[in-house]
$ cat structure_7.txt   # compact mmCIF, C-alpha atoms
# COMPACT_ATOMS: atom_id res chain seq x y z
CA MET A 1 -142.39 45.41 16.27
CA ALA A 2 -146.01 46.32 16.77
CA THR A 3 -147.20 49.37 14.89
CA LYS A 4 -148.30 52.16 17.20
CA LYS A 5 -151.63 53.84 16.78
CA LYS A 6 -151.16 57.04 14.83
CA SER A 7 -151.45 60.25 16.80
CA PRO A 8 -154.11 62.86 16.02
CA ALA A 9 -151.29 65.05 14.68
CA SER A 10 -150.16 62.30 12.32
CA ARG A 11 -153.70 61.82 11.05
CA LYS A 12 -154.10 65.56 10.62
CA ALA A 13 -150.83 65.68 8.69
CA ARG A 14 -152.24 63.23 6.15
CA ALA A 15 -155.51 65.13 5.93
CA ASP A 16 -153.77 68.47 5.48
CA ARG A 17 -150.97 67.26 3.23
CA LYS A 18 -152.23 68.97 0.10
CA GLU A 19 -152.55 72.38 1.69
CA PRO A 20 -149.99 74.86 0.31
CA ALA A 21 -147.24 75.87 2.70
CA ALA A 22 -146.84 79.39 3.93
CA SER A 23 -143.07 78.98 3.95
CA SER A 24 -140.38 79.40 1.34
CA ALA A 25 -139.70 77.18 -1.66
CA ARG A 26 -138.64 73.60 -1.12
CA SER A 27 -134.96 72.77 -0.89
CA PRO A 28 -133.01 70.54 -3.29
CA ALA A 29 -132.26 68.03 -0.52
CA PRO A 30 -133.87 65.02 -2.30
CA ALA A 31 -131.25 65.19 -5.04
CA VAL A 32 -128.53 65.32 -2.40
CA ALA A 33 -129.78 62.13 -0.75
CA ALA A 34 -130.14 60.35 -4.06
CA SER A 35 -126.58 61.24 -4.98
CA GLY A 36 -125.22 59.48 -1.90
CA ALA A 37 -127.38 56.41 -2.45
CA GLU A 38 -126.34 56.08 -6.05
CA THR A 39 -122.68 56.22 -5.06
CA PHE A 40 -123.09 52.87 -3.33
CA GLY A 41 -125.69 51.47 -5.75
CA LEU A 42 -128.25 51.18 -2.98
CA ASP A 43 -131.68 49.67 -3.50
CA LEU A 44 -133.87 51.34 -0.90
CA PRO A 45 -136.92 49.61 0.58
CA GLU A 46 -140.41 50.56 -0.49
CA ILE A 47 -141.53 53.55 1.58
CA GLU A 48 -144.77 55.53 1.56
CA LEU A 49 -143.60 58.97 0.49
CA LEU A 50 -145.02 62.29 1.53
CA ASP A 51 -146.96 64.15 -1.11
CA LEU A 52 -144.52 66.87 -2.14
CA ASP A 53 -147.40 69.31 -2.72
CA TRP A 54 -147.45 69.63 1.06
CA SER A 55 -144.78 71.14 3.25
CA PRO A 56 -144.89 72.34 6.86
CA THR A 57 -145.72 75.89 7.89
CA HIS A 58 -143.25 75.46 10.76
CA ALA A 59 -141.45 72.23 11.62
CA PRO A 60 -139.50 73.09 14.78
CA VAL A 61 -138.58 69.71 16.33
CA VAL A 62 -135.13 68.19 15.87
CA LEU A 63 -135.19 64.60 17.12
CA ASP A 64 -132.93 61.55 17.01
CA ILE A 65 -133.07 57.82 16.31
CA ALA A 66 -131.80 54.89 18.33
CA GLY A 67 -129.84 52.75 15.88
CA THR A 68 -128.03 52.42 12.59
CA GLN A 69 -131.23 52.01 10.58
CA LEU A 70 -134.76 53.32 10.75
CA ASN A 71 -137.54 51.38 12.42
CA ASP A 72 -141.29 51.88 11.98
CA ASP A 73 -141.45 54.36 14.87
CA ASP A 74 -138.65 56.44 13.35
CA ARG A 75 -140.47 56.54 10.01
CA ARG A 76 -143.71 57.57 11.69
CA ARG A 77 -141.98 60.37 13.61
CA LEU A 78 -140.26 61.63 10.46
CA GLU A 79 -143.68 62.02 8.87
CA HIS A 80 -144.95 64.13 11.76
CA PRO A 81 -145.64 67.69 10.57
CA LEU A 82 -143.64 69.20 13.45
CA THR A 83 -140.45 67.25 12.66
CA GLY A 84 -137.93 69.52 10.99
CA GLY A 85 -134.59 67.91 11.73
CA LEU A 86 -132.82 64.73 12.77
CA ILE A 87 -129.55 64.70 14.69
CA LEU A 88 -127.13 61.78 14.36
CA PHE A 89 -124.82 60.38 17.03
CA GLY A 90 -121.99 57.86 17.18
CA ARG A 91 -124.50 55.09 17.87
CA ASN A 92 -126.04 55.76 14.44
CA TRP A 93 -122.71 55.09 12.72
CA LYS A 94 -121.23 51.82 11.49
CA ASP A 95 -119.47 52.80 8.27
CA ARG A 96 -119.94 55.11 5.30
CA HIS A 97 -122.07 52.65 3.33
CA GLN A 98 -124.48 52.33 6.25
CA LEU A 99 -124.58 56.10 6.84
CA VAL A 100 -125.35 56.88 3.20
CA HIS A 101 -128.14 54.28 3.18
CA LEU A 102 -129.59 55.67 6.42
CA VAL A 103 -129.62 59.29 5.24
CA ALA A 104 -131.01 58.31 1.83
CA GLU A 105 -133.94 56.55 3.48
CA ILE A 106 -134.53 59.52 5.79
CA LYS A 107 -134.65 61.86 2.80
CA SER A 108 -136.93 59.53 0.85
CA ILE A 109 -139.48 59.88 3.65
CA ARG A 110 -139.01 63.61 4.34
CA PRO A 111 -136.82 65.37 1.76
CA ASP A 112 -136.97 68.65 3.70
CA VAL A 113 -135.69 67.26 7.01
CA LEU A 114 -132.35 68.77 8.09
CA VAL A 115 -129.98 65.88 8.82
CA CYS A 116 -127.43 67.22 11.28
CA VAL A 117 -124.65 66.14 13.62
CA ASP A 118 -122.25 67.50 16.24
CA HIS A 119 -119.01 67.23 14.27
CA GLU A 120 -116.63 69.96 15.44
CA GLY A 121 -113.27 68.22 15.45
CA GLY A 122 -111.23 67.16 18.46
CA ARG A 123 -113.21 65.27 21.08
CA VAL A 124 -116.58 66.18 19.53
CA GLN A 125 -116.60 64.27 16.27
CA ARG A 126 -119.19 61.53 15.75
CA PHE A 127 -117.69 59.77 12.72
CA ARG A 128 -114.01 58.81 13.03
CA THR A 129 -113.46 55.67 10.97
CA ASP A 130 -113.83 54.41 7.39
CA GLY A 131 -112.02 57.35 5.84
CA PHE A 132 -113.26 60.26 7.95
CA THR A 133 -110.45 62.68 8.80
CA HIS A 134 -109.60 63.12 12.47
CA LEU A 135 -109.89 66.89 12.71
CA PRO A 136 -107.92 68.84 15.33
CA ALA A 137 -109.50 70.47 18.36
CA MET A 138 -110.16 74.13 17.64
CA ARG A 139 -107.81 75.26 20.42
CA THR A 140 -105.00 73.86 18.25
CA LEU A 141 -105.75 76.54 15.67
CA GLY A 142 -105.65 79.25 18.34
CA GLU A 143 -102.27 77.98 19.47
CA ARG A 144 -101.01 78.05 15.89
CA TRP A 145 -102.16 81.68 15.63
CA MET A 146 -99.67 82.56 18.37
CA LYS A 147 -96.64 81.00 16.61
CA ASP A 148 -95.09 83.55 14.25
CA THR A 149 -92.51 81.15 12.89
CA ASP A 150 -91.91 83.14 9.69
CA GLY A 151 -92.28 86.70 10.94
CA PRO A 152 -94.88 88.91 12.65
CA GLY A 153 -98.46 87.93 11.83
CA THR A 154 -97.57 84.76 9.95
CA GLY A 155 -99.00 82.56 12.69
CA ALA A 156 -102.38 84.24 12.35
CA MET A 157 -102.41 83.86 8.58
CA THR A 158 -101.38 80.21 8.75
CA ALA A 159 -103.99 79.45 11.42
CA CYS A 160 -106.75 81.06 9.33
CA ASP A 161 -105.79 79.02 6.29
CA MET A 162 -105.75 75.86 8.40
CA ALA A 163 -109.16 76.75 9.82
CA THR A 164 -110.61 77.12 6.32
CA ALA A 165 -109.09 73.77 5.39
CA ALA A 166 -110.63 72.14 8.49
CA GLY A 167 -114.07 73.55 7.69
CA PHE A 168 -113.89 72.41 4.09
CA ILE A 169 -112.81 68.87 5.01
CA LEU A 170 -115.44 68.62 7.74
CA ALA A 171 -118.29 69.69 5.46
CA SER A 172 -117.12 67.87 2.33
CA GLU A 173 -116.87 64.51 4.08
CA LEU A 174 -120.23 64.85 5.81
CA ARG A 175 -121.98 65.99 2.65
CA ALA A 176 -120.47 63.13 0.63
CA CYS A 177 -122.45 60.85 2.97
CA GLY A 178 -125.66 62.90 2.68
CA VAL A 179 -125.42 64.79 6.00
CA ASP A 180 -126.65 68.38 5.60
CA PHE A 181 -125.34 70.27 8.60
CA SER A 182 -122.96 70.30 11.56
CA PHE A 183 -123.39 72.30 14.76
CA ALA A 184 -120.11 74.19 14.34
CA PRO A 185 -118.14 76.29 15.06
CA VAL A 186 -117.91 76.83 18.82
CA LEU A 187 -117.65 80.56 19.57
CA ASP A 188 -117.14 80.24 23.33
CA LEU A 189 -113.99 81.87 24.68
CA ASP A 190 -111.27 79.80 26.34
CA HIS A 191 -111.31 81.27 29.84
CA GLY A 192 -109.72 78.11 31.25
CA ARG A 193 -112.72 77.62 33.56
CA SER A 194 -115.11 75.33 31.67
CA GLY A 195 -114.23 71.68 31.31
CA VAL A 196 -117.11 70.97 28.94
CA ILE A 197 -115.85 73.67 26.56
CA GLY A 198 -112.10 73.44 27.10
CA ASP A 199 -110.19 72.77 23.88
CA ARG A 200 -113.37 73.09 21.81
CA ALA A 201 -112.82 76.87 21.99
CA PHE A 202 -110.42 78.62 19.64
CA HIS A 203 -108.89 81.17 22.01
CA ARG A 204 -109.38 83.49 24.97
CA ASP A 205 -109.28 86.61 22.77
CA PRO A 206 -112.64 87.23 21.04
CA ARG A 207 -110.82 88.78 18.06
CA VAL A 208 -108.81 85.62 17.47
CA ALA A 209 -111.86 83.39 18.03
CA THR A 210 -113.87 85.46 15.56
CA ALA A 211 -111.23 85.37 12.81
CA LEU A 212 -110.70 81.63 13.13
CA ALA A 213 -114.43 80.92 13.30
CA ARG A 214 -114.97 83.02 10.17
CA SER A 215 -112.31 80.94 8.41
CA VAL A 216 -113.94 77.66 9.45
CA MET A 217 -117.28 79.02 8.22
CA HIS A 218 -115.64 79.93 4.91
CA GLY A 219 -114.52 76.32 4.54
CA LEU A 220 -117.99 75.03 5.39
CA LEU A 221 -119.49 77.35 2.80
CA GLN A 222 -117.04 76.20 0.12
CA ALA A 223 -118.51 72.72 0.58
CA GLY A 224 -122.09 74.03 0.56
CA MET A 225 -122.79 73.76 4.30
CA ALA A 226 -124.34 76.34 6.62
CA ASN A 227 -122.91 77.04 10.08
CA CYS A 228 -123.96 77.29 13.72
CA GLY A 229 -122.28 79.54 16.27
CA LYS A 230 -122.60 78.26 19.82
CA HIS A 231 -123.22 78.68 22.74
CA PHE A 232 -124.66 82.21 22.79
CA PRO A 233 -123.76 84.48 24.53
CA GLY A 234 -120.89 82.34 25.83
CA HIS A 235 -120.38 79.17 27.88
CA GLY A 236 -116.66 79.55 28.49
CA TRP A 237 -116.88 81.37 31.83
CA ALA A 238 -119.45 79.18 33.61
CA GLU A 239 -117.67 76.29 35.32
CA ALA A 240 -120.59 73.85 35.61
CA ASP A 241 -121.43 71.50 32.73
CA SER A 242 -124.98 72.22 31.52
CA HIS A 243 -125.38 68.56 30.51
CA VAL A 244 -125.49 67.59 34.19
CA ALA A 245 -125.96 70.85 36.12
CA ALA A 246 -127.49 74.32 35.87
CA PRO A 247 -124.57 76.72 35.26
CA THR A 248 -124.67 80.39 36.18
CA ASP A 249 -122.63 83.39 35.03
CA ASP A 250 -122.85 86.48 37.22
CA ARG A 251 -121.18 88.99 34.91
CA SER A 252 -123.00 92.11 33.77
CA LEU A 253 -124.61 92.52 30.36
CA GLN A 254 -121.98 95.09 29.42
CA ASP A 255 -119.13 92.76 30.37
CA LEU A 256 -120.65 89.92 28.34
CA LEU A 257 -121.29 92.08 25.28
CA LEU A 258 -117.73 93.43 25.32
CA ASP A 259 -116.16 89.99 25.65
CA ASP A 260 -117.87 86.60 25.17
CA ALA A 261 -120.69 87.85 22.94
CA ARG A 262 -118.37 89.88 20.71
CA PRO A 263 -117.96 87.13 18.07
CA TYR A 264 -121.73 87.15 17.49
CA GLU A 265 -121.60 90.88 16.79
CA TRP A 266 -118.61 90.60 14.46
CA LEU A 267 -120.05 87.58 12.62
CA SER A 268 -123.63 88.84 12.40
CA THR A 269 -123.60 88.99 8.59
CA CYS A 270 -122.28 85.47 8.01
CA LEU A 271 -123.69 83.35 10.84
CA THR A 272 -126.53 81.23 9.47
CA SER A 273 -127.63 79.81 12.81
CA VAL A 274 -126.96 80.19 16.52
CA MET A 275 -127.42 77.90 19.52
CA PRO A 276 -127.89 79.57 22.93
CA ALA A 277 -126.37 78.23 26.12
CA HIS A 278 -128.31 76.54 28.91
CA VAL A 279 -126.65 79.03 31.26
CA VAL A 280 -128.36 81.53 33.57
CA TYR A 281 -126.77 84.98 33.29
CA SER A 282 -128.14 86.10 36.61
CA ARG A 283 -127.57 89.84 36.24
CA VAL A 284 -129.39 89.88 32.88
CA ASP A 285 -132.31 87.42 33.14
CA PRO A 286 -133.17 84.67 35.65
CA ARG A 287 -133.98 82.30 32.78
CA PRO A 288 -131.31 80.38 30.85
CA ALA A 289 -130.41 82.09 27.57
CA GLY A 290 -132.29 79.48 25.49
CA TYR A 291 -135.53 80.42 27.27
CA SER A 292 -134.87 84.15 27.44
CA GLU A 293 -136.56 86.74 25.24
CA VAL A 294 -134.05 89.24 26.58
CA TRP A 295 -131.15 87.29 25.10
CA LEU A 296 -132.77 85.94 21.95
CA ARG A 297 -134.98 88.83 20.86
CA ASP A 298 -133.62 91.96 22.54
CA VAL A 299 -129.89 91.20 22.40
CA LEU A 300 -129.30 88.70 19.61
CA ARG A 301 -131.84 89.85 17.04
CA ASP A 302 -132.51 93.51 17.88
CA GLY A 303 -129.13 94.42 19.37
CA LEU A 304 -126.70 92.38 17.29
CA GLY A 305 -128.78 92.20 14.12
CA PHE A 306 -128.77 88.41 13.75
CA THR A 307 -131.17 87.19 11.02
CA GLY A 308 -130.54 83.43 10.89
CA ALA A 309 -132.06 80.42 12.65
CA VAL A 310 -131.90 79.83 16.40
CA PHE A 311 -131.70 76.25 17.72
CA SER A 312 -132.34 75.45 21.34
CA ASP A 313 -129.60 73.33 22.84
CA ASP A 314 -130.67 69.81 23.86
CA LEU A 315 -133.80 70.10 25.99
CA SER A 316 -132.91 66.92 27.89
CA MET A 317 -129.80 68.53 29.41
CA GLU A 318 -129.97 69.27 33.12
CA GLY A 319 -129.50 72.99 32.48
CA ALA A 320 -132.79 72.99 30.53
CA ARG A 321 -134.94 70.91 32.87
CA ARG A 322 -135.61 73.51 35.59
CA VAL A 323 -136.17 77.23 35.18
CA PRO A 324 -136.18 79.65 38.13
CA GLY A 325 -139.67 80.98 38.74
CA VAL A 326 -141.39 78.42 36.51
CA ARG A 327 -143.52 75.77 38.25
CA GLY A 328 -141.67 76.40 41.47
CA GLY A 329 -138.45 75.06 40.00
CA ALA A 330 -139.98 71.65 39.27
CA VAL A 331 -138.72 69.59 36.34
CA LEU A 332 -140.27 70.75 33.07
CA SER A 333 -141.86 68.36 30.62
CA TYR A 334 -140.25 68.37 27.19
CA THR A 335 -143.41 69.96 25.80
CA GLU A 336 -143.17 72.78 28.34
CA ALA A 337 -139.48 73.23 27.60
CA ALA A 338 -139.98 73.32 23.83
CA THR A 339 -142.90 75.73 24.14
CA MET A 340 -140.85 78.07 26.30
CA ALA A 341 -137.91 77.92 23.88
CA LEU A 342 -140.08 78.68 20.84
CA ASN A 343 -141.89 81.53 22.59
CA ALA A 344 -138.57 83.01 23.70
CA GLY A 345 -137.31 83.19 20.13
CA CYS A 346 -135.93 79.80 19.15
CA ASP A 347 -136.89 78.59 15.68
CA LEU A 348 -136.06 74.95 16.39
CA ALA A 349 -136.20 72.80 19.53
CA LEU A 350 -133.61 70.05 19.89
CA LEU A 351 -134.31 66.86 21.88
CA CYS A 352 -131.47 64.33 22.02
CA ASN A 353 -131.04 60.73 23.18
CA GLN A 354 -134.73 60.22 23.91
CA SER A 355 -135.40 57.72 21.10
CA LEU A 356 -133.77 54.99 23.17
CA ASP A 357 -136.03 52.49 24.95
CA GLY A 358 -138.85 53.00 22.47
CA GLY A 359 -138.82 56.79 22.27
CA GLN A 360 -141.88 57.53 24.38
CA ALA A 361 -140.44 60.94 25.28
CA VAL A 362 -140.14 61.85 21.59
CA ASP A 363 -143.76 60.93 20.94
CA GLU A 364 -144.86 62.89 23.99
CA LEU A 365 -143.01 65.95 22.69
CA LEU A 366 -144.45 65.74 19.18
CA ASP A 367 -148.01 65.13 20.33
CA GLY A 368 -147.74 67.49 23.30
CA LEU A 369 -146.37 70.32 21.16
CA TRP A 370 -149.20 69.78 18.67
CA SER A 371 -151.75 69.96 21.48
CA ALA A 372 -150.08 73.09 22.83
CA LEU A 373 -150.36 74.61 19.36
CA GLU A 374 -154.08 73.83 19.26
CA ARG A 375 -154.47 75.46 22.68
CA GLY A 376 -152.72 78.58 21.42
CA GLU A 377 -149.71 78.19 23.73
CA TRP A 378 -147.32 78.82 20.83
CA GLN A 379 -147.76 79.80 17.20
CA MET A 380 -146.28 78.47 13.98
CA ASP A 381 -143.99 81.01 12.37
CA PRO A 382 -143.45 80.88 8.58
CA GLU A 383 -140.29 82.99 9.04
CA SER A 384 -138.89 80.34 11.38
CA GLU A 385 -139.61 77.72 8.74
CA ARG A 386 -137.91 79.84 6.09
CA ARG A 387 -134.85 80.10 8.31
CA ARG A 388 -134.85 76.32 8.89
CA GLN A 389 -135.07 75.52 5.20
CA ALA A 390 -132.31 78.03 4.45
CA LEU A 391 -129.93 75.73 6.36
CA LEU A 392 -130.39 72.92 3.82
CA PRO A 393 -127.61 72.66 1.22
CA MET A 394 -128.36 74.39 -2.05
CA THR A 395 -125.81 72.46 -4.15
CA PRO A 396 -125.22 68.73 -4.69
CA PRO A 397 -122.22 67.17 -2.90
CA LEU A 398 -119.24 65.47 -4.43
CA PRO A 399 -119.54 61.69 -4.01
CA TRP A 400 -116.86 60.27 -1.74
CA ASP A 401 -114.74 58.67 -4.47
CA GLU A 402 -114.66 61.92 -6.44
CA LEU A 403 -113.90 63.90 -3.30
CA MET A 404 -110.80 61.80 -2.67
CA HIS A 405 -109.36 63.08 -5.98
CA HIS A 406 -110.72 66.63 -5.76
CA ALA A 407 -107.84 69.11 -5.87
CA PRO A 408 -109.24 71.60 -3.27
CA TYR A 409 -109.87 68.73 -0.84
CA LEU A 410 -106.37 67.34 -1.34
CA ARG A 411 -104.88 70.79 -0.78
CA ALA A 412 -106.94 71.22 2.39
CA MET A 413 -105.60 67.90 3.67
CA GLU A 414 -102.06 69.01 2.91
CA ARG A 415 -102.65 72.35 4.67
CA LEU A 416 -103.56 70.56 7.89
CA ALA A 417 -100.95 67.81 7.64
CA ASP A 418 -97.98 70.03 6.80
CA ASP A 419 -98.06 71.78 10.15
CA ASP A 420 -97.20 69.89 13.33
CA ALA A 421 -99.64 72.08 15.31
CA SER A 422 -102.59 70.46 13.60
CA GLY A 423 -102.08 67.11 15.23
CA LEU A 424 -102.58 65.46 11.83
CA ALA A 425 -98.96 65.10 10.83
CA ASP A 426 -98.74 61.36 11.35

$ encode --input "structure_7.txt" --output "structure tokens"
Amino acid sequence: MATKKKSPASRKARADRKEPAASSARSPAPAVAASGAETFGLDLPEIELLDLDWSPTHAPVVLDIAGTQLNDDDRRRLEHPLTGGLILFGRNWKDRHQLVHLVAEIKSIRPDVLVCVDHEGGRVQRFRTDGFTHLPAMRTLGERWMKDTDGPGTGAMTACDMATAAGFILASELRACGVDFSFAPVLDLDHGRSGVIGDRAFHRDPRVATALARSVMHGLLQAGMANCGKHFPGHGWAEADSHVAAPTDDRSLQDLLLDDARPYEWLSTCLTSVMPAHVVYSRVDPRPAGYSEVWLRDVLRDGLGFTGAVFSDDLSMEGARRVPGVRGGAVLSYTEAATMALNAGCDLALLCNQSLDGGQAVDELLDGLWSALERGEWQMDPESERRRQALLPMTPPLPWDELMHHAPYLRAMERLADDDASGLAD
């Protein structure tokens, strides 16, 4: 493959590499990647490494890659100073050996990059073979809550313990392969209206959803993984799928705060990140929540006291492509979308499935966002960078072979398998 000419931003990154960062201390992610590589005795290719005396002031872009290994374009994009994360999909998966090698190479190029995945359980789980546990849909845990088989309240207690077990298994298996982070748990309420949410939600009752989400987050934390509550303030009522349409929710702010947004209030001290919905809440703000200062700054941060990172949802989704009142409703460029998201209060901008067919859209976003920065259309925020880096694991993972004999992991597997409601008793 021909090597592309380096962008002005890439050249500037090399020129500025020795400048001290204005953000927090570097994470221990390089050791995490090395641990996975050593498990399989991998011999990584020679790669030009970044000078670790340099780190970004704000690296807001989360991008993807096309295949099961990096190509030259992927490596170049990882070196871009605005790249802060990389999201994996099923197409990036062959087996555990391949995944560990892939993540180890990613980390050898950019140790601070957050390697993440949508891995919730149920129908949203990217890695399903070569030893990965098939986790239940979260609705299953809500259903278990309602079954008091051993007396009043026992269903709730059993469901919470199962939820902690699910979170621990999810995070332990991902981290054993070098993956840092999963976009979980879903906090949307199960109104029975949204097909795209459906059984990904725990329950209709925000109290039940909050308790079970907190238990999943406890399990994630036990394995050293941060969490992401989504899709703020709630996608369970809107019937349209924001991947292919522009959903609306016409309820009042008060109704939303007393119902769908309640888990964000009750989890405000333990949520480490949040992802807003590409839904227009028409009685609150004409812009989708991910582009709305009202939702992200006034409600989420000022009203609910949230202090963690905010990810945009995928900017390539139909619900993010057009914004009422902006450019006459014309389709936004990815640069325009990312700029709007960052200015509204997002710390990170997520662009998925655009590395296919050469990844021109990814390059346009990286270079366009850099040009927008130079024009003063958005500003780097060291606090946003601190929040991004805080999502990186702070402890080394257990290698896979050790995990398979680790007593807490084995007990978590038993906890899920010993109850027919989990769907794992096979």

$ residues_around --input "structure_7.txt" --residues "Lys147 in chain A" --least-positions-apart "2" --cutoff "12 Å" --atoms "all atoms listed in the file" --output "ChimeraX atom specification"
/A:140-145,149-159,419-421

$ atom_distance --input "structure_7.txt" --atom1 "CA of His231 in chain A" --atom2 "CA of Asp188 in chain A"
6.3 Å

$ atom_distance --input "structure_7.txt" --atom1 "CA of Ser282 in chain A" --atom2 "CA of Val299 in chain A"
15.2 Å

$ residues_near_point --input "structure_7.txt" --point "(-130.1, 66.2, 11.9)" --cutoff "8 Å" --atoms "only C-alpha atoms" --output "count of residues only"
15

$ closest_residue --input "structure_7.txt" --among "A:Leu170, A:Ala223, A:Ile109, A:Met162" --to "Phe132 in chain A" --atoms "only C-alpha atoms"
A:Leu170

$ residues_around --input "structure_7.txt" --residues "Trp378 in chain A" --least-positions-apart "6" --cutoff "12 Å" --atoms "only C-alpha atoms" --output "MDAnalysis selection string"
chainID A and resid 58 60 335:347 368:372

$ closest_residue --input "structure_7.txt" --among "A:Glu173, A:Glu318, A:Glu364, A:Glu385" --to "Glu402 in chain A" --atoms "only C-alpha atoms"
A:Glu173

$ closest_residue --input "structure_7.txt" --among "A:Gly178, A:Gly236, A:Pro263, A:Pro81" --to "Arg193 in chain A" --atoms "all atoms listed in the file"
A:Gly236

$ closest_residue --input "structure_7.txt" --among "A:Gly328, A:Gly234, A:Pro393, A:Pro399" --to "Asp112 in chain A" --atoms "only C-alpha atoms"
A:Pro393

$ atom_distance --input "structure_7.txt" --atom1 "CA of Asp260 in chain A" --atom2 "CA of Arg204 in chain A"
9.0 Å

$ residues_near_point --input "structure_7.txt" --point "(-128.6, 92.6, 6.5)" --cutoff "12 Å" --atoms "all atoms listed in the file" --output "list of chain:residue names"
A:Leu267, A:Ser268, A:Thr269, A:Cys270, A:Leu271, A:Thr272, A:Arg301, A:Leu304, A:Gly305, A:Phe306, A:Thr307, A:Gly308

$ write_last_selection --input "structure_7.txt" --atoms "C-alpha atoms" --output "short mmCIF file (atom, residue, chain, number, x, y, z; two decimals), in the frame of the given file"
data_model
loop_
_atom_site.label_atom_id
_atom_site.label_comp_id
_atom_site.auth_asym_id
_atom_site.auth_seq_id
_atom_site.Cartn_x
_atom_site.Cartn_y
_atom_site.Cartn_z
CA LEU A 267 -120.05 87.58 12.62
CA SER A 268 -123.63 88.84 12.40
CA THR A 269 -123.60 88.99 8.59
CA CYS A 270 -122.28 85.47 8.01
CA LEU A 271 -123.69 83.35 10.84
CA THR A 272 -126.53 81.23 9.47
CA ARG A 301 -131.84 89.85 17.04
CA LEU A 304 -126.70 92.38 17.29
CA GLY A 305 -128.78 92.20 14.12
CA PHE A 306 -128.77 88.41 13.75
CA THR A 307 -131.17 87.19 11.02
CA GLY A 308 -130.54 83.43 10.89
#

$ residues_around --input "structure_7.txt" --residues "Trp400 in chain A" --least-positions-apart "4" --cutoff "8 Å" --atoms "all atoms listed in the file" --output "list of chain:residue names"
A:Thr39, A:Glu173, A:Ala176, A:Cys177, A:Met404

$ axis_aligned_box --input "structure_7.txt" --around "range 315-324 of chain A" --padding-each-side "3 Å" --output "lines of an AutoDock Vina configuration file"
center_x = -132.8
center_y = 73.3
center_z = 32.1
size_x = 12.7
size_y = 18.7
size_z = 18.1
